[in-house]
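Source file final.cif; content: mmCIF, C-alpha atoms and all ligand atoms.
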data_data
loop_
_atom_site.label_atom_id
_atom_site.label_comp_id
_atom_site.auth_asym_id
_atom_site.auth_seq_id
_atom_site.Cartn_x
_atom_site.Cartn_y
_atom_site.Cartn_z
CA PRO H 5 12.39 -3.99 12.80
CA LEU H 6 11.12 -6.06 9.94
CA PHE H 7 12.02 -3.81 7.05
CA ARG H 8 15.09 -2.17 8.45
CA LYS H 9 17.19 -3.57 5.68
CA ALA H 10 14.90 -2.49 2.83
CA GLN H 11 16.76 -1.41 -0.28
CA PHE H 12 15.52 -0.06 -3.57
CA PHE H 13 15.68 -2.96 -6.01
CA THR H 14 14.17 -2.09 -9.39
CA THR H 15 11.49 -0.18 -11.27
CA VAL H 16 9.20 -2.29 -13.45
CA ALA H 17 7.47 -0.72 -16.46
CA HIS H 18 6.43 -3.95 -18.23
CA LEU H 19 5.12 -7.29 -17.00
CA ARG H 20 8.02 -9.07 -18.67
CA ASP H 21 10.42 -7.24 -16.36
CA LEU H 22 8.99 -8.58 -13.07
CA PRO H 23 11.84 -10.02 -10.98
CA PRO H 24 11.91 -13.81 -11.42
CA GLU H 25 13.78 -14.34 -8.13
CA SER H 26 10.84 -13.18 -6.02
CA VAL H 27 9.41 -15.83 -3.67
CA ALA H 28 7.11 -13.52 -1.70
CA GLU H 29 5.99 -9.93 -2.06
CA VAL H 30 3.45 -7.47 -0.65
CA ALA H 31 2.06 -4.59 -2.67
CA PHE H 32 1.24 -1.16 -1.22
CA ALA H 33 -1.66 0.68 -2.83
CA GLY H 34 -3.63 3.83 -2.14
CA ARG H 35 -4.85 7.19 -3.33
CA SER H 36 -2.22 9.78 -4.10
CA ASN H 37 -1.49 11.78 -0.97
CA ALA H 38 -3.02 9.18 1.36
CA GLY H 39 0.40 8.76 2.98
CA LYS H 40 1.70 5.63 1.24
CA SER H 41 5.30 6.78 0.73
CA SER H 42 5.47 7.97 4.33
CA ALA H 43 4.11 4.63 5.58
CA ILE H 44 6.67 2.66 3.56
CA ASN H 45 9.46 4.89 4.76
CA THR H 46 8.27 4.55 8.35
CA LEU H 47 8.11 0.77 8.16
CA ALA H 48 11.53 0.74 6.53
CA ASP H 49 12.88 3.28 9.04
CA HIS H 50 14.28 5.07 6.05
CA THR H 51 13.46 8.70 5.32
CA ARG H 52 13.51 8.74 1.56
CA LEU H 53 13.18 5.17 0.37
CA ALA H 54 9.73 5.31 -1.23
CA PHE H 55 10.08 8.72 -2.75
CA VAL H 56 11.85 7.09 -5.68
CA SER H 57 8.31 6.09 -6.69
CA LYS H 58 7.48 9.75 -7.18
CA THR H 59 10.34 10.37 -9.58
CA PRO H 60 8.93 11.73 -12.84
CA GLY H 61 8.66 8.90 -15.35
CA ARG H 62 8.29 6.27 -12.61
CA THR H 63 4.92 7.27 -11.23
CA GLN H 64 2.99 4.66 -13.23
CA HIS H 65 5.47 1.86 -12.61
CA LEU H 66 5.94 -0.77 -9.93
CA ASN H 67 8.80 0.07 -7.60
CA TYR H 68 10.42 -2.91 -5.92
CA PHE H 69 12.19 -2.75 -2.56
CA GLN H 70 14.04 -5.80 -1.32
CA LEU H 71 13.46 -6.78 2.31
CA ALA H 72 15.40 -10.04 2.35
CA ALA H 73 16.54 -12.60 -0.21
CA GLY H 74 13.57 -13.19 -2.52
CA LYS H 75 11.24 -11.00 -0.39
CA PHE H 76 9.95 -7.70 -1.72
CA LEU H 77 7.73 -4.74 -0.96
CA VAL H 78 6.15 -3.40 -4.13
CA ASP H 79 5.02 0.22 -4.26
CA LEU H 80 2.10 0.60 -6.69
CA PRO H 81 1.25 3.91 -8.36
CA GLY H 82 -1.01 6.15 -6.29
CA TYR H 83 -4.44 6.53 -7.86
CA GLY H 84 -7.12 9.19 -8.01
CA TYR H 85 -4.95 11.99 -9.21
CA ALA H 86 -5.34 11.85 -12.98
CA LYS H 87 -2.55 13.93 -14.35
CA ALA H 88 -2.34 12.06 -17.64
CA PRO H 89 -5.49 9.90 -17.85
CA GLU H 90 -4.30 7.77 -20.82
CA GLU H 91 -1.00 6.98 -19.14
CA VAL H 92 -2.81 6.01 -15.95
CA ARG H 93 -5.36 3.85 -17.80
CA ASP H 94 -2.67 2.13 -19.87
CA ALA H 95 -0.65 1.37 -16.74
CA TRP H 96 -3.66 -0.16 -14.95
CA GLU H 97 -4.72 -2.21 -17.96
CA GLY H 98 -1.28 -3.27 -19.10
CA LEU H 99 0.68 -3.62 -15.88
CA ILE H 100 -0.97 -3.01 -12.51
CA GLY H 101 -4.22 -4.90 -13.12
CA PRO H 102 -2.54 -7.99 -14.58
CA TYR H 103 0.11 -7.81 -11.86
CA LEU H 104 -2.47 -7.79 -9.05
CA GLU H 105 -4.53 -10.54 -10.64
CA GLY H 106 -1.78 -12.86 -11.75
CA ARG H 107 1.37 -12.38 -9.76
CA MET H 108 2.09 -15.67 -8.01
CA PRO H 109 4.48 -14.47 -5.28
CA LEU H 110 2.07 -11.67 -4.29
CA LYS H 111 0.80 -12.55 -0.80
CA GLY H 112 -1.52 -9.61 -0.21
CA VAL H 113 -2.14 -5.91 -0.61
CA VAL H 114 -1.67 -3.21 2.00
CA LEU H 115 -4.18 -0.47 1.25
CA ILE H 116 -3.29 2.94 2.62
CA MET H 117 -6.18 5.27 3.37
CA ASP H 118 -6.17 8.69 5.00
CA SER H 119 -8.07 8.02 8.24
CA ARG H 120 -9.98 11.27 7.71
CA HIS H 121 -11.22 10.11 4.28
CA PRO H 122 -11.47 6.32 4.38
CA LEU H 123 -13.02 4.11 1.72
CA THR H 124 -13.26 6.51 -1.17
CA GLU H 125 -14.94 5.21 -4.30
CA LEU H 126 -11.60 4.18 -5.84
CA ASP H 127 -10.58 2.37 -2.66
CA VAL H 128 -13.81 0.39 -2.72
CA GLN H 129 -13.29 -0.39 -6.41
CA LEU H 130 -9.82 -1.72 -5.69
CA ILE H 131 -11.07 -3.86 -2.79
CA GLU H 132 -13.95 -5.32 -4.79
CA TRP H 133 -11.76 -5.89 -7.79
CA PHE H 134 -8.94 -7.60 -5.84
CA ALA H 135 -11.14 -9.70 -3.53
CA PRO H 136 -11.78 -12.47 -6.11
CA THR H 137 -8.06 -13.32 -6.10
CA GLY H 138 -8.68 -14.73 -2.61
CA LYS H 139 -5.59 -12.94 -1.30
CA PRO H 140 -5.87 -10.69 1.77
CA ILE H 141 -6.07 -6.91 1.98
CA HIS H 142 -4.79 -5.15 5.08
CA ILE H 143 -5.91 -1.54 5.50
CA LEU H 144 -3.74 1.07 7.18
CA LEU H 145 -5.78 4.08 8.30
CA THR H 146 -2.92 6.49 8.37
CA LYS H 147 -2.48 10.07 9.60
CA ALA H 148 -4.28 8.79 12.72
CA ASP H 149 -2.47 11.53 14.64
CA LYS H 150 -4.89 13.99 13.03
CA LEU H 151 -7.81 12.38 14.89
CA THR H 152 -8.68 12.42 18.58
CA ARG H 153 -8.73 9.05 20.39
CA GLN H 154 -12.48 9.07 20.19
CA GLN H 155 -12.47 9.81 16.46
CA GLN H 156 -9.90 7.05 15.94
CA ALA H 157 -12.12 4.49 17.66
CA GLN H 158 -15.17 5.72 15.75
CA THR H 159 -13.33 5.60 12.41
CA LEU H 160 -12.20 2.02 13.06
CA ARG H 161 -15.77 1.00 13.88
CA ASP H 162 -17.18 2.82 10.83
CA VAL H 163 -14.67 1.32 8.42
CA ARG H 164 -15.20 -2.19 9.81
CA ALA H 165 -18.95 -1.77 9.56
CA ALA H 166 -18.71 -0.48 5.98
CA LEU H 167 -16.50 -3.42 4.98
CA ALA H 168 -18.91 -5.87 6.58
CA GLU H 169 -21.71 -4.20 4.64
CA LEU H 170 -19.73 -4.71 1.44
CA GLY H 171 -19.10 -8.31 2.42
CA GLU H 172 -15.33 -7.78 2.40
CA GLN H 173 -12.92 -9.43 4.85
CA CYS H 174 -10.09 -6.89 5.03
CA SER H 175 -8.20 -6.40 8.28
CA VAL H 176 -7.94 -2.79 9.45
CA GLN H 177 -5.68 -0.83 11.78
CA LEU H 178 -4.77 2.74 12.69
CA PHE H 179 -1.33 4.03 11.72
CA SER H 180 0.65 7.23 11.95
CA SER H 181 3.92 7.88 10.18
CA LEU H 182 4.27 11.12 12.09
CA LYS H 183 3.85 9.58 15.56
CA LYS H 184 5.21 6.19 14.53
CA THR H 185 2.19 4.32 15.84
CA GLY H 186 0.80 1.09 14.44
CA ILE H 187 4.19 -0.14 13.28
CA GLU H 188 4.22 -3.37 15.33
CA VAL H 189 0.74 -4.38 14.18
CA ALA H 190 1.63 -3.74 10.53
CA GLU H 191 4.90 -5.63 10.90
CA GLY H 192 3.02 -8.55 12.41
CA VAL H 193 0.72 -8.84 9.40
CA LEU H 194 3.44 -8.36 6.81
CA GLY H 195 5.87 -10.65 8.59
CA LYS H 196 3.28 -13.41 8.45
CA TRP H 197 2.49 -12.84 4.77
CA LEU H 198 6.15 -12.78 3.83
CA ASP H 199 7.29 -15.44 6.28
CA LEU H 200 9.97 -13.10 7.64
P1 LIG Q 1 1.51 9.39 -0.92
O1 LIG Q 1 1.20 10.28 -2.07
O2 LIG Q 1 0.37 8.47 -0.61
O3 LIG Q 1 2.81 8.66 -1.05
O4 LIG Q 1 1.59 10.33 0.38
P2 LIG Q 1 2.85 10.91 1.17
O5 LIG Q 1 3.49 9.87 2.00
O6 LIG Q 1 3.71 11.69 0.24
O7 LIG Q 1 2.08 11.91 2.17
C1 LIG Q 1 1.22 12.94 1.70
C2 LIG Q 1 1.19 14.07 2.73
O8 LIG Q 1 0.65 13.59 3.95
C3 LIG Q 1 2.58 14.62 3.07
O9 LIG Q 1 2.46 16.01 3.27
C4 LIG Q 1 2.93 13.90 4.35
O10 LIG Q 1 3.81 14.65 5.17
C5 LIG Q 1 1.57 13.77 5.02
N1 LIG Q 1 1.52 12.57 5.90
C6 LIG Q 1 1.79 11.30 5.54
N2 LIG Q 1 1.63 10.46 6.58
C7 LIG Q 1 1.26 11.22 7.63
C8 LIG Q 1 0.92 10.92 9.01
O11 LIG Q 1 0.95 9.79 9.49
N3 LIG Q 1 0.55 12.00 9.79
C9 LIG Q 1 0.50 13.28 9.31
N4 LIG Q 1 0.11 14.22 10.15
N5 LIG Q 1 0.81 13.58 8.03
C10 LIG Q 1 1.18 12.57 7.20
#

Please go through the file and, once you have read it, give me the structure as structure tokens.
Amino acid sequence: PLFRKAQFFTTVAHLRDLPPESVAEVAFAGRSNAGKSSAINTLADHTRLAFVSKTPGRTQHLNYFQLAAGKFLVDLPGYGYAKAPEEVRDAWEGLIGPYLEGRMPLKGVVLIMDSRHPLTELDVQLIEWFAPTGKPIHILLTKADKLTRQQQAQTLRDVRAALAELGEQCSVQLFSSLKKTGIEVAEGVLGKWLDL
């Protein structure tokens, strides 16, 4: 029950507004519709927590949720669904990119991928772009309930093989917000990153 006390903290639209009191944070990234909000809500055991990130006007911002004193979960804008391409580009160049590259308290990125469509081109771009920071990426293959056991095992193998091919060191796990599976493994990784 790592995130059971998660509370919405703030929405950040500009780098200058990043919370100075943060000592450790993890960022959640992924394609729109991959299941990121559901995963955050599942980990937080909170039905509507992350949907604040979908509020019009906040979709290209960083949404901070406090887990403990000085410890935060940061919901990044979903990508791949270009509603307003200039707004999206400006947010990645002016806020999200610099945040991911330069944010000291950031311990790692949780990358949410739909287990039926893993490692899309934009996911690979994000992985290759973030890797030089030297910080870890943990991949949640979510909506695992939509796959048979055999497909789950195959998907895990395929994703691990593809990452090895790319020369990337990400850790990978299956997850389902619907069936609430994979929670303990995810909590283990995040708890370590955040020292919770
Ligand atoms: P986001 O855009 O990445 O935040 O995605 P959402 O969390 O809003 O989920 C997108 C859609 O996928 C919604 O219709 C969810 O109900 C569905 N969904 C999310 N997670 C799961 C899951 O683990 N299993 C199933 N079956 N559906 C899911």

(message) I'd like the interatomic distance between atom CA of H:Phe55 and atom CA of H:Val16, to a tenth of an Å.
(response)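 Separation of atom CA of H:Phe55 and atom CA of H:Val16: 15.4 Å.
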
(request) May I have the residues within 7 Å of H:His142 as a list in words, using only C-alpha atoms and disregarding those fewer than 4 positions away in the same chain? (result) Val113, Val114, Leu115, Cys174, Ser175 and Val176 of chain H

(request) Give the residues close to ligand LIG 1 (chain Q), within 9 Å, counting only C-alpha atoms and all ligand atoms; write them as a VMD selection string. (result) chain H and resid 33 to 45 54 to 55 57 to 58 81 to 83 116 to 118 145 to 150 179 to 185

(request) Can you work out which one of H:His18, H:Lys75, H:His121, H:His50 has the shortest atom-to-atom distance to H:Arg62, counting all atoms listed in the file? (result)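 Answer, going by the shortest atom-to-atom distance: H:His18.
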
(message) Just checking: using all atoms listed in the file, which residue out of H:Gly98, H:Pro89, H:Gly74, H:Gly171 ends up closest to H:Ile131?
(response)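 Smallest separation from H:Ile131 among the options: H:Gly171.
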
(request) State, in Å with one decimal place, the distance from atom CA of H:Ala190 to atom CA of H:Phe76. (result) 15.3 Å

(message) Can you measure atom CA of H:Leu110 to atom CA of H:Val78 for me? One decimal in Å is fine.
(response) 9.2 Å

(message) Counting only C-alpha atoms, which residue out of H:Gln156, H:Gly192, H:His65, H:Ala31 sits closest to H:Phe134?
(response)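 Selected residue with least distance to H:Phe134: H:Ala31.
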